[in-house]
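Below is one structure; the comments refer to it alone.
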Amino acid sequence: MFTVAKTVGVSGAANMVPSSKVKHYAKFIALGVCVALVVLGVIGLIFKNWVIGPIMIVEAFVMLTLELPIVQIAWILNFFQDYRWRGVMYVLFCIPTFFSVITFLAGLGCIAIGLVYVFLGFFKKEKGTPIERPVGGAQGDVENQKDQRKSGLSSKGAAPGVI
(Lines give C-alpha, C1' and ligand atoms only; values in the text may rest on other atoms or scores of the structure.)
Protein backbone atom coordinates (compact mmCIF):
# COMPACT_ATOMS: atom_id res chain seq x y z
CA MET A 1 0.00 0.00 0.00
CA PHE A 2 2.81 2.41 0.85
CA THR A 3 4.56 1.79 -2.46
CA VAL A 4 1.36 2.44 -4.43
CA ALA A 5 0.81 5.75 -2.64
CA LYS A 6 4.45 6.67 -3.12
CA THR A 7 4.30 5.87 -6.83
CA VAL A 8 1.08 7.78 -7.36
CA GLY A 9 2.45 10.76 -5.43
CA VAL A 10 5.69 10.91 -7.37
CA SER A 11 4.07 10.50 -10.77
CA GLY A 12 1.43 13.09 -9.90
CA ALA A 13 4.06 15.64 -8.89
CA ALA A 14 6.16 14.90 -11.96
CA ASN A 15 3.19 15.40 -14.27
CA MET A 16 2.51 18.85 -12.86
CA VAL A 17 5.79 20.28 -14.17
CA PRO A 18 6.02 20.92 -17.94
CA SER A 19 9.20 19.26 -19.14
CA SER A 20 9.99 21.42 -22.16
CA LYS A 21 10.13 24.59 -20.08
CA VAL A 22 12.22 22.94 -17.38
CA LYS A 23 14.73 21.65 -19.95
CA HIS A 24 14.90 25.09 -21.55
CA TYR A 25 15.52 26.87 -18.26
CA ALA A 26 17.95 24.20 -17.06
CA LYS A 27 20.16 24.71 -20.10
CA PHE A 28 20.34 28.47 -19.57
CA ILE A 29 20.96 28.14 -15.84
CA ALA A 30 23.76 25.66 -16.60
CA LEU A 31 25.30 28.13 -19.06
CA GLY A 32 25.17 30.80 -16.35
CA VAL A 33 26.89 28.42 -13.94
CA CYS A 34 29.56 27.83 -16.62
CA VAL A 35 30.21 31.55 -16.86
CA ALA A 36 30.36 31.80 -13.06
CA LEU A 37 32.81 28.88 -12.89
CA VAL A 38 35.14 30.47 -15.43
CA VAL A 39 35.01 33.93 -13.85
CA LEU A 40 35.46 32.61 -10.31
CA GLY A 41 38.18 30.22 -11.49
CA VAL A 42 40.12 33.14 -12.98
CA ILE A 43 39.60 35.15 -9.80
CA GLY A 44 40.87 32.14 -7.86
CA LEU A 45 44.00 32.11 -10.03
CA ILE A 46 44.48 35.84 -9.42
CA PHE A 47 44.38 35.22 -5.66
CA LYS A 48 46.96 32.42 -5.98
CA ASN A 49 44.53 29.54 -5.57
CA TRP A 50 46.47 27.28 -7.96
CA VAL A 51 44.41 24.13 -7.39
CA ILE A 52 40.79 25.25 -7.32
CA GLY A 53 41.07 27.84 -10.13
CA PRO A 54 42.08 25.42 -12.92
CA ILE A 55 39.61 22.79 -11.68
CA MET A 56 36.78 25.33 -12.00
CA ILE A 57 37.83 26.25 -15.54
CA VAL A 58 38.00 22.58 -16.61
CA GLU A 59 34.59 21.90 -15.05
CA ALA A 60 33.16 24.87 -16.95
CA PHE A 61 34.61 23.52 -20.21
CA VAL A 62 33.04 20.09 -19.60
CA MET A 63 29.67 21.65 -18.74
CA LEU A 64 29.83 23.89 -21.80
CA THR A 65 30.63 20.88 -23.99
CA LEU A 66 27.56 19.09 -22.64
CA GLU A 67 25.18 22.03 -22.85
CA LEU A 68 26.27 23.40 -26.24
CA PRO A 69 27.59 20.48 -28.28
CA ILE A 70 29.56 22.60 -30.76
CA VAL A 71 32.93 21.29 -29.70
CA GLN A 72 34.15 18.37 -31.82
CA ILE A 73 34.73 16.09 -28.79
CA ALA A 74 31.18 16.35 -27.50
CA TRP A 75 30.20 12.96 -28.96
CA ILE A 76 32.51 11.31 -26.40
CA LEU A 77 30.21 12.53 -23.64
CA ASN A 78 27.02 10.91 -25.04
CA PHE A 79 26.71 8.91 -21.82
CA PHE A 80 25.83 12.15 -20.06
CA GLN A 81 22.96 12.93 -22.45
CA ASP A 82 20.90 10.88 -20.00
CA TYR A 83 19.83 13.60 -17.58
CA ARG A 84 20.14 11.31 -14.56
CA TRP A 85 23.89 10.93 -15.00
CA ARG A 86 24.40 14.52 -16.06
CA GLY A 87 22.68 15.67 -12.84
CA VAL A 88 24.80 13.36 -10.70
CA MET A 89 27.94 14.64 -12.43
CA TYR A 90 26.95 18.28 -11.82
CA VAL A 91 26.30 17.57 -8.15
CA LEU A 92 29.75 15.95 -7.91
CA PHE A 93 31.23 19.01 -9.63
CA CYS A 94 30.23 21.08 -6.60
CA ILE A 95 32.61 19.24 -4.25
CA PRO A 96 35.83 21.13 -5.17
CA THR A 97 34.00 24.45 -5.18
CA PHE A 98 33.36 24.28 -1.43
CA PHE A 99 37.10 24.26 -0.65
CA SER A 100 37.35 27.95 -1.50
CA VAL A 101 35.26 30.90 -0.40
CA ILE A 102 35.66 32.45 -3.85
CA THR A 103 33.92 29.59 -5.67
CA PHE A 104 31.24 28.80 -3.09
CA LEU A 105 28.37 30.40 -5.06
CA ALA A 106 29.31 28.49 -8.21
CA GLY A 107 29.07 25.30 -6.15
CA LEU A 108 25.54 26.18 -5.10
CA GLY A 109 24.70 26.73 -8.76
CA CYS A 110 26.15 23.30 -9.62
CA ILE A 111 24.00 21.69 -6.94
CA ALA A 112 20.88 23.50 -8.16
CA ILE A 113 21.33 22.57 -11.80
CA GLY A 114 22.33 19.03 -10.86
CA LEU A 115 19.13 18.57 -8.88
CA VAL A 116 17.06 19.92 -11.77
CA TYR A 117 18.65 17.41 -14.15
CA VAL A 118 18.20 14.59 -11.63
CA PHE A 119 14.52 15.53 -11.39
CA LEU A 120 14.21 15.51 -15.19
CA GLY A 121 16.02 12.20 -15.48
CA PHE A 122 14.46 10.18 -12.69
CA PHE A 123 10.93 11.54 -12.50
CA LYS A 124 10.25 12.84 -16.01
CA LYS A 125 12.33 10.09 -17.71
CA GLU A 126 13.84 12.53 -20.18
CA LYS A 127 17.09 12.43 -22.10
CA GLY A 128 19.02 14.88 -24.18
CA THR A 129 19.54 14.49 -27.89
CA PRO A 130 22.51 12.24 -28.68
CA ILE A 131 25.48 13.88 -30.37
CA GLU A 132 26.75 12.22 -33.52
CA ARG A 133 30.42 11.63 -34.15
CA PRO A 134 31.83 13.92 -36.86
CA VAL A 135 32.69 12.02 -40.02
CA GLY A 136 35.62 12.55 -42.33
CA GLY A 137 36.85 16.05 -41.83
CA ALA A 138 38.04 17.92 -44.94
CA GLN A 139 37.89 14.84 -47.16
CA GLY A 140 34.35 14.08 -46.06
CA ASP A 141 33.31 17.64 -46.94
CA VAL A 142 34.70 17.30 -50.49
CA GLU A 143 32.85 14.02 -51.01
CA ASN A 144 29.61 15.52 -49.72
CA GLN A 145 29.97 18.44 -52.14
CA LYS A 146 30.42 16.00 -55.05
CA ASP A 147 27.23 14.19 -54.06
CA GLN A 148 25.31 17.45 -53.91
CA ARG A 149 26.36 18.45 -57.45
CA LYS A 150 24.87 15.33 -59.04
CA SER A 151 21.92 15.95 -61.28
CA GLY A 152 18.60 14.50 -60.22
CA LEU A 153 18.00 13.37 -63.82
CA SER A 154 21.25 11.50 -64.26
CA SER A 155 22.72 8.84 -62.01
CA LYS A 156 26.08 8.95 -63.82
CA GLY A 157 27.62 11.95 -62.16
CA ALA A 158 27.62 15.71 -62.15
CA ALA A 159 25.10 17.76 -64.06
CA PRO A 160 26.16 19.15 -67.44
CA GLY A 161 28.20 22.31 -67.11
CA VAL A 162 29.23 21.61 -63.51
CA ILE A 163 32.90 20.96 -62.98
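Note on naming: chains are A, B, ... as they come in the C-alpha coordinates, residues start from 1 per chain, ligands start from 1 in the order shown.
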So that I can see what lies close to region 108-123 of chain A, please list as a PyMOL selection string the residues with an atom at most 6 Å from it, counting only C-alpha atoms and leaving out residues fewer than 3 positions away in the same chain.
chain A and resi 14+33+83-84+87+90-91+94+105+126
For those residues, write all heavy atoms to a file as a PDB file, in the first residue's frame.
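Saved to result-v4.pdb:
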ATOM      1  N   ALA A  14       5.365  14.766 -10.752  1.00  0.00           N
ATOM      2  CA  ALA A  14       6.164  14.899 -11.965  1.00  0.00           C
ATOM      3  C   ALA A  14       5.315  15.365 -13.142  1.00  0.00           C
ATOM      4  O   ALA A  14       5.809  16.066 -14.015  1.00  0.00           O
ATOM      5  CB  ALA A  14       6.834  13.569 -12.293  1.00  0.00           C
ATOM      6  N   VAL A  33      25.948  29.032 -14.891  1.00  0.00           N
ATOM      7  CA  VAL A  33      26.890  28.421 -13.941  1.00  0.00           C
ATOM      8  C   VAL A  33      28.254  28.254 -14.600  1.00  0.00           C
ATOM      9  O   VAL A  33      29.290  28.445 -13.951  1.00  0.00           O
ATOM     10  CB  VAL A  33      26.332  27.076 -13.423  1.00  0.00           C
ATOM     11  CG1 VAL A  33      27.375  26.311 -12.641  1.00  0.00           C
ATOM     12  CG2 VAL A  33      25.116  27.329 -12.554  1.00  0.00           C
ATOM     13  N   TYR A  83      19.835  12.528 -18.578  1.00  0.00           N
ATOM     14  CA  TYR A  83      19.833  13.598 -17.577  1.00  0.00           C
ATOM     15  C   TYR A  83      20.110  13.098 -16.167  1.00  0.00           C
ATOM     16  O   TYR A  83      20.576  13.860 -15.330  1.00  0.00           O
ATOM     17  CB  TYR A  83      18.516  14.357 -17.611  1.00  0.00           C
ATOM     18  CG  TYR A  83      18.364  15.246 -18.821  1.00  0.00           C
ATOM     19  CD1 TYR A  83      17.119  15.541 -19.346  1.00  0.00           C
ATOM     20  CD2 TYR A  83      19.470  15.807 -19.432  1.00  0.00           C
ATOM     21  CE1 TYR A  83      16.979  16.359 -20.437  1.00  0.00           C
ATOM     22  CE2 TYR A  83      19.349  16.622 -20.527  1.00  0.00           C
ATOM     23  CZ  TYR A  83      18.102  16.894 -21.022  1.00  0.00           C
ATOM     24  OH  TYR A  83      17.970  17.704 -22.105  1.00  0.00           O
ATOM     25  N   ARG A  84      19.835  11.832 -15.900  1.00  0.00           N
ATOM     26  CA  ARG A  84      20.135  11.306 -14.561  1.00  0.00           C
ATOM     27  C   ARG A  84      21.628  11.395 -14.287  1.00  0.00           C
ATOM     28  O   ARG A  84      22.050  11.880 -13.232  1.00  0.00           O
ATOM     29  CB  ARG A  84      19.683   9.860 -14.443  1.00  0.00           C
ATOM     30  CG  ARG A  84      18.199   9.689 -14.489  1.00  0.00           C
ATOM     31  CD  ARG A  84      17.851   8.258 -14.419  1.00  0.00           C
ATOM     32  NE  ARG A  84      18.325   7.600 -15.656  1.00  0.00           N
ATOM     33  CZ  ARG A  84      18.085   6.365 -15.973  1.00  0.00           C
ATOM     34  NH1 ARG A  84      17.412   5.597 -15.163  1.00  0.00           N
ATOM     35  NH2 ARG A  84      18.512   5.866 -17.107  1.00  0.00           N
ATOM     36  N   GLY A  87      22.984  15.038 -14.132  1.00  0.00           N
ATOM     37  CA  GLY A  87      22.682  15.670 -12.845  1.00  0.00           C
ATOM     38  C   GLY A  87      23.606  15.196 -11.743  1.00  0.00           C
ATOM     39  O   GLY A  87      24.092  15.998 -10.937  1.00  0.00           O
ATOM     40  N   TYR A  90      26.951  16.876 -12.234  1.00  0.00           N
ATOM     41  CA  TYR A  90      26.951  18.280 -11.824  1.00  0.00           C
ATOM     42  C   TYR A  90      26.967  18.410 -10.304  1.00  0.00           C
ATOM     43  O   TYR A  90      27.612  19.318  -9.771  1.00  0.00           O
ATOM     44  CB  TYR A  90      25.753  19.012 -12.398  1.00  0.00           C
ATOM     45  CG  TYR A  90      25.858  19.319 -13.883  1.00  0.00           C
ATOM     46  CD1 TYR A  90      24.797  19.861 -14.566  1.00  0.00           C
ATOM     47  CD2 TYR A  90      27.013  19.052 -14.604  1.00  0.00           C
ATOM     48  CE1 TYR A  90      24.870  20.145 -15.907  1.00  0.00           C
ATOM     49  CE2 TYR A  90      27.101  19.330 -15.943  1.00  0.00           C
ATOM     50  CZ  TYR A  90      26.021  19.878 -16.597  1.00  0.00           C
ATOM     51  OH  TYR A  90      26.098  20.166 -17.926  1.00  0.00           O
ATOM     52  N   VAL A  91      26.262  17.526  -9.620  1.00  0.00           N
ATOM     53  CA  VAL A  91      26.297  17.567  -8.152  1.00  0.00           C
ATOM     54  C   VAL A  91      27.702  17.220  -7.658  1.00  0.00           C
ATOM     55  O   VAL A  91      28.208  17.829  -6.714  1.00  0.00           O
ATOM     56  CB  VAL A  91      25.228  16.625  -7.554  1.00  0.00           C
ATOM     57  CG1 VAL A  91      25.414  16.448  -6.066  1.00  0.00           C
ATOM     58  CG2 VAL A  91      23.834  17.172  -7.837  1.00  0.00           C
ATOM     59  N   CYS A  94      30.273  20.055  -7.643  1.00  0.00           N
ATOM     60  CA  CYS A  94      30.225  21.077  -6.600  1.00  0.00           C
ATOM     61  C   CYS A  94      31.230  20.805  -5.490  1.00  0.00           C
ATOM     62  O   CYS A  94      31.574  21.704  -4.735  1.00  0.00           O
ATOM     63  CB  CYS A  94      28.822  21.181  -6.023  1.00  0.00           C
ATOM     64  SG  CYS A  94      28.439  19.883  -4.839  1.00  0.00           S
ATOM     65  N   LEU A 105      29.641  30.164  -4.374  1.00  0.00           N
ATOM     66  CA  LEU A 105      28.367  30.403  -5.059  1.00  0.00           C
ATOM     67  C   LEU A 105      28.247  29.571  -6.326  1.00  0.00           C
ATOM     68  O   LEU A 105      27.155  29.120  -6.676  1.00  0.00           O
ATOM     69  CB  LEU A 105      28.209  31.883  -5.380  1.00  0.00           C
ATOM     70  CG  LEU A 105      27.925  32.769  -4.176  1.00  0.00           C
ATOM     71  CD1 LEU A 105      27.865  34.230  -4.585  1.00  0.00           C
ATOM     72  CD2 LEU A 105      26.632  32.357  -3.502  1.00  0.00           C
ATOM     73  N   GLU A 126      13.431  11.841 -18.964  1.00  0.00           N
ATOM     74  CA  GLU A 126      13.836  12.528 -20.180  1.00  0.00           C
ATOM     75  C   GLU A 126      15.317  12.364 -20.426  1.00  0.00           C
ATOM     76  O   GLU A 126      16.095  12.120 -19.508  1.00  0.00           O
ATOM     77  CB  GLU A 126      13.490  14.005 -20.079  1.00  0.00           C
ATOM     78  CG  GLU A 126      12.015  14.222 -19.980  1.00  0.00           C
ATOM     79  CD  GLU A 126      11.620  15.615 -20.362  1.00  0.00           C
ATOM     80  OE1 GLU A 126      12.431  16.322 -20.951  1.00  0.00           O
ATOM     81  OE2 GLU A 126      10.483  15.968 -20.062  1.00  0.00           O
TER      82      GLU A 126
END
What residues in region 21-78 of chain A get the DSSP label alpha helix (DSSP H)? Please answer as an MDAnalysis selection string. chainID A and resid 21:46 52:67
Produce a file of the selected residues containing N, CA and C atoms, as a short mmCIF file (atom, residue, chain, number, x, y, z; two decimals), in the first residue's frame.
data_model
loop_
_atom_site.label_atom_id
_atom_site.label_comp_id
_atom_site.auth_asym_id
_atom_site.auth_seq_id
_atom_site.Cartn_x
_atom_site.Cartn_y
_atom_site.Cartn_z
N LYS A 21 9.70 23.35 -20.71
CA LYS A 21 10.13 24.59 -20.08
C LYS A 21 11.27 24.33 -19.09
N VAL A 22 11.19 23.25 -18.36
CA VAL A 22 12.22 22.94 -17.38
C VAL A 22 13.55 22.67 -18.10
N LYS A 23 13.50 21.91 -19.19
CA LYS A 23 14.73 21.65 -19.95
C LYS A 23 15.32 22.94 -20.49
N HIS A 24 14.46 23.81 -20.98
CA HIS A 24 14.90 25.09 -21.55
C HIS A 24 15.58 25.94 -20.48
N TYR A 25 14.94 26.07 -19.33
CA TYR A 25 15.52 26.87 -18.26
C TYR A 25 16.77 26.21 -17.69
N ALA A 26 16.79 24.90 -17.61
CA ALA A 26 17.95 24.20 -17.06
C ALA A 26 19.19 24.45 -17.91
N LYS A 27 19.01 24.47 -19.22
CA LYS A 27 20.16 24.71 -20.10
C LYS A 27 20.73 26.11 -19.87
N PHE A 28 19.85 27.11 -19.76
CA PHE A 28 20.34 28.47 -19.57
C PHE A 28 20.93 28.68 -18.18
N ILE A 29 20.37 28.05 -17.18
CA ILE A 29 20.96 28.14 -15.84
C ILE A 29 22.33 27.48 -15.84
N ALA A 30 22.46 26.34 -16.52
CA ALA A 30 23.76 25.66 -16.60
C ALA A 30 24.79 26.53 -17.33
N LEU A 31 24.38 27.23 -18.37
CA LEU A 31 25.30 28.13 -19.06
C LEU A 31 25.73 29.28 -18.15
N GLY A 32 24.81 29.77 -17.33
CA GLY A 32 25.17 30.80 -16.35
C GLY A 32 26.15 30.28 -15.31
N VAL A 33 25.95 29.03 -14.89
CA VAL A 33 26.89 28.42 -13.94
C VAL A 33 28.25 28.25 -14.60
N CYS A 34 28.28 27.94 -15.90
CA CYS A 34 29.56 27.83 -16.62
C CYS A 34 30.31 29.16 -16.60
N VAL A 35 29.59 30.23 -16.88
CA VAL A 35 30.21 31.55 -16.86
C VAL A 35 30.74 31.86 -15.46
N ALA A 36 29.93 31.55 -14.44
CA ALA A 36 30.36 31.80 -13.06
C ALA A 36 31.60 30.97 -12.71
N LEU A 37 31.65 29.72 -13.17
CA LEU A 37 32.81 28.88 -12.89
C LEU A 37 34.07 29.44 -13.53
N VAL A 38 33.96 29.91 -14.76
CA VAL A 38 35.14 30.47 -15.43
C VAL A 38 35.59 31.75 -14.74
N VAL A 39 34.65 32.65 -14.48
CA VAL A 39 35.01 33.93 -13.85
C VAL A 39 35.60 33.70 -12.47
N LEU A 40 34.95 32.86 -11.66
CA LEU A 40 35.46 32.61 -10.31
C LEU A 40 36.75 31.79 -10.33
N GLY A 41 36.92 30.94 -11.35
CA GLY A 41 38.18 30.22 -11.49
C GLY A 41 39.33 31.16 -11.80
N VAL A 42 39.09 32.14 -12.66
CA VAL A 42 40.12 33.14 -12.98
C VAL A 42 40.41 34.00 -11.76
N ILE A 43 39.38 34.38 -11.03
CA ILE A 43 39.60 35.15 -9.80
C ILE A 43 40.39 34.31 -8.80
N GLY A 44 40.10 33.01 -8.73
CA GLY A 44 40.87 32.14 -7.86
C GLY A 44 42.34 32.08 -8.27
N LEU A 45 42.60 32.09 -9.57
CA LEU A 45 44.00 32.11 -10.03
C LEU A 45 44.67 33.44 -9.69
N ILE A 46 43.92 34.53 -9.76
CA ILE A 46 44.48 35.84 -9.42
C ILE A 46 44.89 35.88 -7.95
N ILE A 52 42.22 25.12 -7.07
CA ILE A 52 40.79 25.25 -7.32
C ILE A 52 40.51 26.02 -8.62
N GLY A 53 41.30 27.03 -8.93
CA GLY A 53 41.07 27.84 -10.13
C GLY A 53 41.06 27.02 -11.42
N PRO A 54 42.10 26.24 -11.69
CA PRO A 54 42.08 25.42 -12.92
C PRO A 54 41.00 24.35 -12.92
N ILE A 55 40.68 23.80 -11.75
CA ILE A 55 39.61 22.79 -11.68
C ILE A 55 38.28 23.43 -12.09
N MET A 56 38.02 24.66 -11.65
CA MET A 56 36.78 25.33 -12.00
C MET A 56 36.71 25.58 -13.51
N ILE A 57 37.82 25.96 -14.11
CA ILE A 57 37.83 26.25 -15.54
C ILE A 57 37.61 24.97 -16.34
N VAL A 58 38.21 23.87 -15.92
CA VAL A 58 38.00 22.58 -16.61
C VAL A 58 36.55 22.12 -16.45
N GLU A 59 36.00 22.26 -15.26
CA GLU A 59 34.59 21.90 -15.05
C GLU A 59 33.68 22.72 -15.95
N ALA A 60 33.97 24.02 -16.09
CA ALA A 60 33.16 24.87 -16.95
C ALA A 60 33.27 24.41 -18.40
N PHE A 61 34.44 24.00 -18.84
CA PHE A 61 34.61 23.52 -20.21
C PHE A 61 33.80 22.24 -20.44
N VAL A 62 33.81 21.33 -19.46
CA VAL A 62 33.04 20.09 -19.60
C VAL A 62 31.55 20.40 -19.63
N MET A 63 31.09 21.29 -18.76
CA MET A 63 29.67 21.65 -18.74
C MET A 63 29.27 22.33 -20.04
N LEU A 64 30.12 23.20 -20.55
CA LEU A 64 29.83 23.89 -21.80
C LEU A 64 29.76 22.90 -22.96
N THR A 65 30.64 21.90 -22.94
CA THR A 65 30.63 20.88 -23.99
C THR A 65 29.34 20.07 -23.94
N LEU A 66 28.81 19.83 -22.75
CA LEU A 66 27.56 19.09 -22.64
C LEU A 66 26.35 19.93 -23.01
N GLU A 67 26.34 21.19 -22.63
CA GLU A 67 25.18 22.03 -22.85
C GLU A 67 25.10 22.56 -24.28
#
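For the set A:Asp82, A:Pro96, A:Val88, A:Phe47, the residue with the smallest atom-to-atom gap to Lys124 (chain A) is A:Asp82, counting only C-alpha atoms.
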